[in-house]
Structures are given as structure tokens and as C-alpha cells.
file model_39.cif (mmCIF, C-alpha atoms)
data_my_file
#
loop_
_atom_site.label_atom_id
_atom_site.label_comp_id
_atom_site.auth_asym_id
_atom_site.auth_seq_id
_atom_site.Cartn_x
_atom_site.Cartn_y
_atom_site.Cartn_z
CA MET A 30 -7.56 52.82 18.23
CA ALA A 31 -6.85 52.27 14.54
CA ASP A 32 -4.74 55.41 14.22
CA ALA A 33 -2.45 54.28 17.04
CA TRP A 34 -2.09 50.83 15.48
CA TRP A 35 -1.11 52.27 12.10
CA ASP A 36 1.18 54.89 13.65
CA GLU A 37 2.99 52.13 15.50
CA ARG A 38 3.35 50.07 12.35
CA TYR A 39 4.80 52.95 10.34
CA ALA A 40 7.05 54.09 13.18
CA GLY A 41 8.53 50.61 13.49
CA THR A 42 10.41 50.77 10.19
CA ASP A 43 11.89 53.33 7.81
CA ARG A 44 9.64 52.17 4.96
CA VAL A 45 6.56 49.95 5.02
CA TRP A 46 5.80 49.95 1.27
CA SER A 47 8.00 49.73 -1.82
CA GLY A 48 7.85 53.41 -2.76
CA ASN A 49 6.50 52.50 -6.21
CA PRO A 50 2.96 53.35 -7.35
CA ASN A 51 0.49 50.49 -7.49
CA VAL A 52 0.65 48.74 -10.87
CA VAL A 53 -3.12 48.74 -11.42
CA LEU A 54 -3.36 52.46 -10.64
CA VAL A 55 -0.73 53.21 -13.28
CA ARG A 56 -2.41 50.92 -15.80
CA GLU A 57 -5.94 52.24 -15.30
CA VAL A 58 -5.14 55.94 -14.93
CA THR A 59 -2.53 56.39 -17.66
CA GLY A 60 -4.20 58.24 -20.51
CA LEU A 61 -6.88 59.93 -18.41
CA PRO A 62 -6.82 63.73 -18.56
CA PRO A 63 -5.34 64.94 -15.27
CA ALA A 64 -7.72 66.81 -13.01
CA ARG A 65 -8.62 66.41 -9.31
CA ALA A 66 -7.63 63.14 -7.62
CA LEU A 67 -8.28 61.70 -4.18
CA ASP A 68 -6.01 58.92 -2.88
CA LEU A 69 -7.64 57.10 0.03
CA GLY A 70 -5.26 55.35 2.42
CA CYS A 71 -2.28 57.04 0.79
CA GLY A 72 0.28 55.65 3.24
CA GLU A 73 3.77 56.86 2.46
CA GLY A 74 2.54 58.68 -0.63
CA ALA A 75 3.80 56.70 -3.64
CA ASP A 76 0.49 56.74 -5.53
CA ALA A 77 -0.24 60.38 -4.70
CA ILE A 78 3.22 61.44 -5.82
CA TRP A 79 2.93 59.49 -9.07
CA LEU A 80 -0.44 61.15 -9.79
CA ALA A 81 1.00 64.60 -9.07
CA ARG A 82 3.86 63.88 -11.47
CA GLN A 83 1.26 63.15 -14.16
CA GLY A 84 -0.29 66.58 -13.63
CA TRP A 85 -3.14 65.69 -11.26
CA THR A 86 -4.13 67.97 -8.38
CA VAL A 87 -3.96 65.42 -5.58
CA THR A 88 -5.40 65.07 -2.11
CA GLY A 89 -3.87 62.17 -0.17
CA VAL A 90 -5.63 60.87 2.93
CA ASP A 91 -4.50 58.51 5.66
CA ILE A 92 -5.35 57.73 9.28
CA SER A 93 -1.68 57.67 10.32
CA GLY A 94 0.07 60.93 11.11
CA VAL A 95 3.41 59.11 10.92
CA ALA A 96 2.65 57.95 7.37
CA LEU A 97 1.51 61.42 6.32
CA GLU A 98 4.67 63.08 7.63
CA ARG A 99 6.70 60.58 5.64
CA ALA A 100 4.53 61.09 2.54
CA ALA A 101 4.93 64.87 2.73
CA ARG A 102 8.69 64.47 2.93
CA HIS A 103 8.72 62.15 -0.07
CA ALA A 104 6.59 64.59 -2.07
CA GLU A 105 8.96 67.43 -1.26
CA GLU A 106 11.92 65.30 -2.34
CA ALA A 107 10.08 64.51 -5.59
CA GLY A 108 9.37 68.18 -6.22
CA VAL A 109 5.58 67.85 -6.33
CA LYS A 110 2.72 69.30 -4.30
CA VAL A 111 0.15 67.06 -2.65
CA ASP A 112 -2.50 68.10 -0.15
CA PHE A 113 -2.04 65.46 2.55
CA GLN A 114 -4.88 65.28 5.10
CA ARG A 115 -5.36 63.11 8.16
CA HIS A 116 -8.79 61.48 8.35
CA ASP A 117 -10.40 58.51 9.98
CA LEU A 118 -12.55 58.05 6.91
CA TYR A 119 -15.54 56.72 8.81
CA GLU A 120 -15.54 59.87 10.96
CA SER A 121 -14.49 62.53 8.44
CA PHE A 122 -13.91 62.84 4.71
CA PRO A 123 -12.20 65.43 2.46
CA ASP A 124 -14.47 68.13 1.09
CA GLY A 125 -15.32 68.50 -2.57
CA GLU A 126 -15.71 66.35 -5.66
CA PHE A 127 -12.93 64.56 -7.48
CA ASP A 128 -12.44 63.32 -11.04
CA LEU A 129 -10.58 60.29 -9.73
CA VAL A 130 -11.08 58.58 -6.39
CA SER A 131 -8.58 55.78 -5.84
CA ALA A 132 -8.75 53.21 -3.04
CA GLN A 133 -5.75 50.92 -3.42
CA PHE A 134 -5.88 48.05 -0.93
CA LEU A 135 -7.94 50.00 1.60
CA HIS A 136 -8.03 47.19 4.15
CA SER A 137 -7.63 47.15 7.90
CA TYR A 138 -8.12 44.63 10.68
CA GLY A 139 -10.78 44.92 13.33
CA ASP A 140 -14.07 46.72 13.07
CA PHE A 141 -13.28 48.50 9.81
CA PRO A 142 -16.38 49.89 8.00
CA ARG A 143 -14.93 49.49 4.52
CA GLY A 144 -18.29 49.33 2.77
CA ALA A 145 -19.49 52.59 4.31
CA ILE A 146 -16.22 54.31 3.43
CA LEU A 147 -16.38 53.16 -0.19
CA ARG A 148 -19.97 54.36 -0.45
CA ARG A 149 -18.82 57.76 0.73
CA ALA A 150 -15.97 57.58 -1.79
CA ALA A 151 -18.47 57.01 -4.60
CA GLN A 152 -20.40 60.10 -3.52
CA ALA A 153 -17.20 62.15 -3.87
CA VAL A 154 -16.76 61.25 -7.56
CA ALA A 155 -17.65 64.12 -9.89
CA PRO A 156 -19.85 63.49 -12.95
CA GLY A 157 -17.69 61.86 -15.60
CA GLY A 158 -15.16 60.83 -12.97
CA ILE A 159 -13.65 57.46 -12.04
CA LEU A 160 -13.84 55.34 -8.89
CA LEU A 161 -10.97 52.83 -8.84
CA ILE A 162 -10.92 50.16 -6.12
CA GLU A 163 -8.10 47.63 -5.92
CA SER A 164 -8.54 44.91 -3.29
CA HIS A 165 -7.07 41.72 -1.92
CA LEU A 166 -9.02 38.48 -2.24
CA ASP A 167 -6.80 36.44 0.07
CA HIS A 168 -3.89 36.83 2.48
CA GLY A 169 -1.38 35.41 0.01
CA PRO A 170 2.02 34.72 1.59
CA PHE A 171 0.95 36.51 4.78
CA GLY A 172 -1.75 34.00 5.69
CA HIS A 173 0.10 32.89 8.80
CA GLN A 174 -0.17 36.42 10.20
CA ALA A 175 -3.96 36.42 9.85
CA HIS A 176 -4.29 34.21 12.91
CA ASP A 177 -3.08 37.14 15.05
CA HIS A 178 -5.94 39.41 13.93
CA PRO A 179 -9.75 39.31 13.72
CA PRO A 180 -11.09 37.63 10.57
CA VAL A 181 -11.26 39.70 7.39
CA HIS A 182 -13.80 39.14 4.62
CA PHE A 183 -12.31 39.86 1.21
CA ALA A 184 -15.22 40.97 -0.95
CA THR A 185 -15.36 40.04 -4.63
CA PRO A 186 -15.90 42.78 -7.23
CA ALA A 187 -19.55 41.72 -7.55
CA GLU A 188 -20.03 41.93 -3.78
CA MET A 189 -18.40 45.36 -3.66
CA LEU A 190 -20.53 46.63 -6.51
CA GLU A 191 -23.69 45.48 -4.76
CA ASP A 192 -22.55 46.96 -1.45
CA LEU A 193 -21.89 50.35 -3.05
CA CYS A 194 -25.67 50.75 -3.53
CA LEU A 195 -25.14 52.95 -6.57
CA PRO A 196 -28.17 54.70 -8.09
CA GLU A 197 -29.42 52.81 -11.11
CA GLY A 198 -28.34 54.28 -14.42
CA GLU A 199 -25.77 56.70 -12.94
CA TRP A 200 -22.68 54.51 -13.22
CA GLU A 201 -20.85 52.45 -15.86
CA VAL A 202 -18.72 49.44 -14.95
CA LEU A 203 -15.45 49.68 -16.88
CA VAL A 204 -13.47 46.88 -15.18
CA SER A 205 -14.62 44.14 -12.81
CA GLU A 206 -12.08 41.35 -12.55
CA GLU A 207 -10.05 39.07 -10.32
CA HIS A 208 -6.40 38.51 -11.10
CA ASP A 209 -3.32 36.75 -9.80
CA ARG A 210 -0.10 38.58 -9.02
CA GLU A 211 3.28 37.79 -7.58
CA GLN A 212 4.21 39.22 -4.19
CA ASN A 213 7.26 38.58 -2.04
CA GLY A 214 6.44 37.02 1.31
CA PRO A 215 8.00 37.87 4.67
CA ASP A 216 10.89 35.55 3.84
CA GLY A 217 11.61 37.53 0.67
CA ARG A 218 10.62 34.72 -1.66
CA PRO A 219 8.01 35.32 -4.40
CA ALA A 220 4.53 33.89 -3.88
CA HIS A 221 1.11 34.25 -5.46
CA ARG A 222 -1.76 36.40 -4.28
CA THR A 223 -5.22 37.03 -5.73
CA ASP A 224 -6.44 40.61 -6.06
CA SER A 225 -9.39 42.30 -7.71
CA THR A 226 -10.04 45.49 -9.66
CA LEU A 227 -13.29 47.44 -9.78
CA LYS A 228 -13.27 50.53 -12.00
CA LEU A 229 -16.44 52.56 -12.38
CA ARG A 230 -17.28 55.76 -14.24
CA ARG A 231 -19.94 58.12 -13.00
CA LYS A 232 -21.99 59.25 -15.95
CA THR A 233 -22.37 62.92 -16.68
CA ARG A 234 -25.67 64.44 -15.66
#
call {"tool": "encode", "arguments": {"input": "model_39.cif", "output": "C-alpha cells"}}
result
Amino acid sequence: MADAWWDERYAGTDRVWSGNPNVVLVREVTGLPPARALDLGCGEGADAIWLARQGWTVTGVDISGVALERAARHAEEAGVKVDFQRHDLYESFPDGEFDLVSAQFLHSYGDFPRGAILRRAAQAVAPGGILLIESHLDHGPFGHQAHDHPPVHFATPAEMLEDLCLPEGEWEVLVSEEHDREQNGPDGRPAHRTDSTLKLRRKTR
């Protein structure tokens, strides 16, 4: 079960992620008027907390109860309110529409229906709202670990856009790009990794 796998991973260490918001989220969201935001795969809550600090009303979703407990504690320490919800996003999804839906590195090994989840995410974007998808395009310095898991296909922005099956004329592509970034490997030394950004705006009706 995916939830058990992620619970075990989070329970195995005091902190899995850096605690800082994703750089692309900060870059692409700064300047947007704060409204309703949905953070998919929120993990330990760094992105959700950053959004709440900017004035957004935030719902953070993850499959791991361990991660969500940690995220709620971090939000309390930061003095912000976030509605953290536990969902297996293929089975259930938060109710309502959102002015920002963010999926930052929403990847998982195994039979993970990422395309179906992202299509559901697009449906949750309110008219005039933003869908922001940040993805890996390779394993970077963690390539050696990939041999221990089923193969993962890293979709390009063009492939993701096609797979979203968006109604013609309803969406505007704001950013579609691949980019290199530096990431520390398991040995602590910096290495290069290729990521991608897809930012879409749903047109007003």
C-alpha cells in the first residue's frame, strides 16, 4: 500500500525535506492575489505554510498520516492555519474549487496514476485560477536508487499538457519549460538534476 510506504519513509527520520518552500512555487506564485490554494502532496507542509503566510487560504493534502501530523505541527509553530487532509488522490479528492492548485514533484513509485490525478487537479481549478505542476525529468544524483523500484516515466511538459486532455480554448499556457537545478545527492555533494515547470491559467467563463 502506498500510504504504508510513505508513512514508513516519514517515520524513519525527523525530517525528509528541507523545510523550505519549493523555489518554483515561490517564483511563480509571488505577486498573485491570495485566495484559495490546494497543495497536492504537501508532505511536511513547507509549501502550504509559505502560502498561508502570504495570505492564502490553504488546503494541504497528502497520503501519509505521519507527514500530515508533522505538517500540522509545523503550521502551528509558524502561527498559520492550514486545512490538512489525508487523501489517496486517486480514490478521493478535496471538495471545492481553488484559485491555485499546486503539484510540486507529485511522483511516486509503483502503479501511480499521476495523469489521472493531474486531470482531476485541473478540474478543481476555478475560472481565472492557476494550475502549477513542477516535475522531475530524471533521477539526478539518486539514479542508483532507481534500480530498487519499478521504472518511472518522467513526462515532459508537452506530454503532460497532452495528457491533461484540457478542453480547447479554456486554458492558457503561461510557462512550459525544462530547466537544470543543483541538488545535493545522498553523499551531501551538489549534483545536477533536470526538472520541468508547467503553469496554466484557466480562462474565465
call {"tool": "atom_distance", "arguments": {"input": "model_39.cif", "atom1": "atom CA of Gln152 of chain A", "atom2": "atom CA of Leu135 of chain A"}}
result
16.8 Å
call {"tool": "closest_residue", "arguments": {"input": "model_39.cif", "among": "A:His168, A:Arg44, A:Arg149, A:Lys110", "to": "Ala220 of chain A", "atoms": "all atoms listed in the file"}}
result
A:His168
call {"tool": "atom_distance", "arguments": {"input": "model_39.cif", "atom1": "atom CA of Asp43 of chain A", "atom2": "atom CA of His103 of chain A"}}
result
12.2 Å
call {"tool": "closest_residue", "arguments": {"input": "model_39.cif", "among": "A:Ala155, A:Val55, A:Leu190, A:Val130", "to": "Arg234 of chain A", "atoms": "all atoms listed in the file"}}
result
A:Ala155
call {"tool": "resolve_selection", "arguments": {"input": "model_39.cif", "expression": "the PyMOL selection byres ((chain A and resi 71) around 9)", "output": "list in words"}}
result
Asp68, Leu69, Gly70, Gly72, Glu73, Gly74, Ala75, Asp76, Ala77, Gly89, Val90, Asp91, Ala96, Leu97, Ala100, Phe113, Ala132 and Gln133 of chain A
call {"tool": "resolve_selection", "arguments": {"input": "model_39.cif", "expression": "the PyMOL selection byres ((chain A and resi 192) around 9)", "output": "number ranges by chain"}}
result
A: 144-145, 147-148, 187-191, 193-195
call {"tool": "closest_residue", "arguments": {"input": "model_39.cif", "among": "A:Arg231, A:His182, A:His116, A:Arg82", "to": "Leu203 of chain A", "atoms": "all atoms listed in the file"}}
result
A:Arg231
call {"tool": "resolve_selection", "arguments": {"input": "model_39.cif", "expression": "the PyMOL selection byres ((chain A and resi 225-229) around 6)", "output": "number ranges by chain"}}
result
A: 159-164, 186, 201-208, 224, 230
call {"tool": "closest_residue", "arguments": {"input": "model_39.cif", "among": "A:Asp32, A:Pro156, A:Arg56, A:Pro62", "to": "Arg115 of chain A", "atoms": "all atoms listed in the file"}}
result
A:Asp32
call {"tool": "closest_residue", "arguments": {"input": "model_39.cif", "among": "A:His136, A:Arg218, A:Lys232, A:Arg38", "to": "Glu197 of chain A", "atoms": "all atoms listed in the file"}}
result
A:Lys232
call {"tool": "atom_distance", "arguments": {"input": "model_39.cif", "atom1": "atom CA of Asp209 of chain A", "atom2": "atom CA of His165 of chain A"}}
result
10.0 Å
call {"tool": "build_atoms", "arguments": {"input": "model_39.cif", "residues": "segment 98-114 of chain A", "atoms": "N, CA and C atoms", "output": "PDB file, in the frame of the given file"}}
result
ATOM      1  N   GLU A  98       3.424  62.335   7.535  1.00  0.00           N
ATOM      2  CA  GLU A  98       4.670  63.080   7.630  1.00  0.00           C
ATOM      3  C   GLU A  98       5.700  62.531   6.653  1.00  0.00           C
ATOM      4  N   ARG A  99       5.764  61.225   6.560  1.00  0.00           N
ATOM      5  CA  ARG A  99       6.700  60.580   5.640  1.00  0.00           C
ATOM      6  C   ARG A  99       6.315  60.873   4.189  1.00  0.00           C
ATOM      7  N   ALA A 100       5.010  60.818   3.900  1.00  0.00           N
ATOM      8  CA  ALA A 100       4.530  61.090   2.540  1.00  0.00           C
ATOM      9  C   ALA A 100       4.844  62.521   2.127  1.00  0.00           C
ATOM     10  N   ALA A 101       4.637  63.469   3.041  1.00  0.00           N
ATOM     11  CA  ALA A 101       4.930  64.870   2.730  1.00  0.00           C
ATOM     12  C   ALA A 101       6.412  65.064   2.435  1.00  0.00           C
ATOM     13  N   ARG A 102       7.254  64.379   3.178  1.00  0.00           N
ATOM     14  CA  ARG A 102       8.690  64.470   2.930  1.00  0.00           C
ATOM     15  C   ARG A 102       9.051  63.877   1.576  1.00  0.00           C
ATOM     16  N   HIS A 103       8.446  62.759   1.234  1.00  0.00           N
ATOM     17  CA  HIS A 103       8.720  62.150  -0.070  1.00  0.00           C
ATOM     18  C   HIS A 103       8.238  63.038  -1.213  1.00  0.00           C
ATOM     19  N   ALA A 104       7.094  63.691  -1.036  1.00  0.00           N
ATOM     20  CA  ALA A 104       6.590  64.590  -2.070  1.00  0.00           C
ATOM     21  C   ALA A 104       7.523  65.781  -2.264  1.00  0.00           C
ATOM     22  N   GLU A 105       8.018  66.317  -1.166  1.00  0.00           N
ATOM     23  CA  GLU A 105       8.960  67.430  -1.260  1.00  0.00           C
ATOM     24  C   GLU A 105      10.227  67.003  -1.989  1.00  0.00           C
ATOM     25  N   GLU A 106      10.714  65.821  -1.665  1.00  0.00           N
ATOM     26  CA  GLU A 106      11.920  65.300  -2.340  1.00  0.00           C
ATOM     27  C   GLU A 106      11.666  65.096  -3.827  1.00  0.00           C
ATOM     28  N   ALA A 107      10.426  64.736  -4.183  1.00  0.00           N
ATOM     29  CA  ALA A 107      10.080  64.510  -5.590  1.00  0.00           C
ATOM     30  C   ALA A 107       9.759  65.801  -6.327  1.00  0.00           C
ATOM     31  N   GLY A 108       9.639  66.895  -5.588  1.00  0.00           N
ATOM     32  CA  GLY A 108       9.370  68.180  -6.220  1.00  0.00           C
ATOM     33  C   GLY A 108       7.939  68.374  -6.663  1.00  0.00           C
ATOM     34  N   VAL A 109       6.995  67.707  -5.971  1.00  0.00           N
ATOM     35  CA  VAL A 109       5.580  67.850  -6.330  1.00  0.00           C
ATOM     36  C   VAL A 109       4.788  68.295  -5.104  1.00  0.00           C
ATOM     37  N   LYS A 110       3.610  68.857  -5.366  1.00  0.00           N
ATOM     38  CA  LYS A 110       2.720  69.300  -4.300  1.00  0.00           C
ATOM     39  C   LYS A 110       1.552  68.345  -4.169  1.00  0.00           C
ATOM     40  N   VAL A 111       1.299  67.898  -2.964  1.00  0.00           N
ATOM     41  CA  VAL A 111       0.150  67.060  -2.650  1.00  0.00           C
ATOM     42  C   VAL A 111      -0.472  67.599  -1.365  1.00  0.00           C
ATOM     43  N   ASP A 112      -1.785  67.682  -1.353  1.00  0.00           N
ATOM     44  CA  ASP A 112      -2.500  68.100  -0.150  1.00  0.00           C
ATOM     45  C   ASP A 112      -2.750  66.857   0.705  1.00  0.00           C
ATOM     46  N   PHE A 113      -1.889  66.610   1.677  1.00  0.00           N
ATOM     47  CA  PHE A 113      -2.040  65.460   2.550  1.00  0.00           C
ATOM     48  C   PHE A 113      -2.923  65.839   3.747  1.00  0.00           C
ATOM     49  N   GLN A 114      -3.939  65.017   4.012  1.00  0.00           N
ATOM     50  CA  GLN A 114      -4.880  65.280   5.100  1.00  0.00           C
ATOM     51  C   GLN A 114      -5.044  64.023   5.951  1.00  0.00           C
TER      52      GLN A 114
END
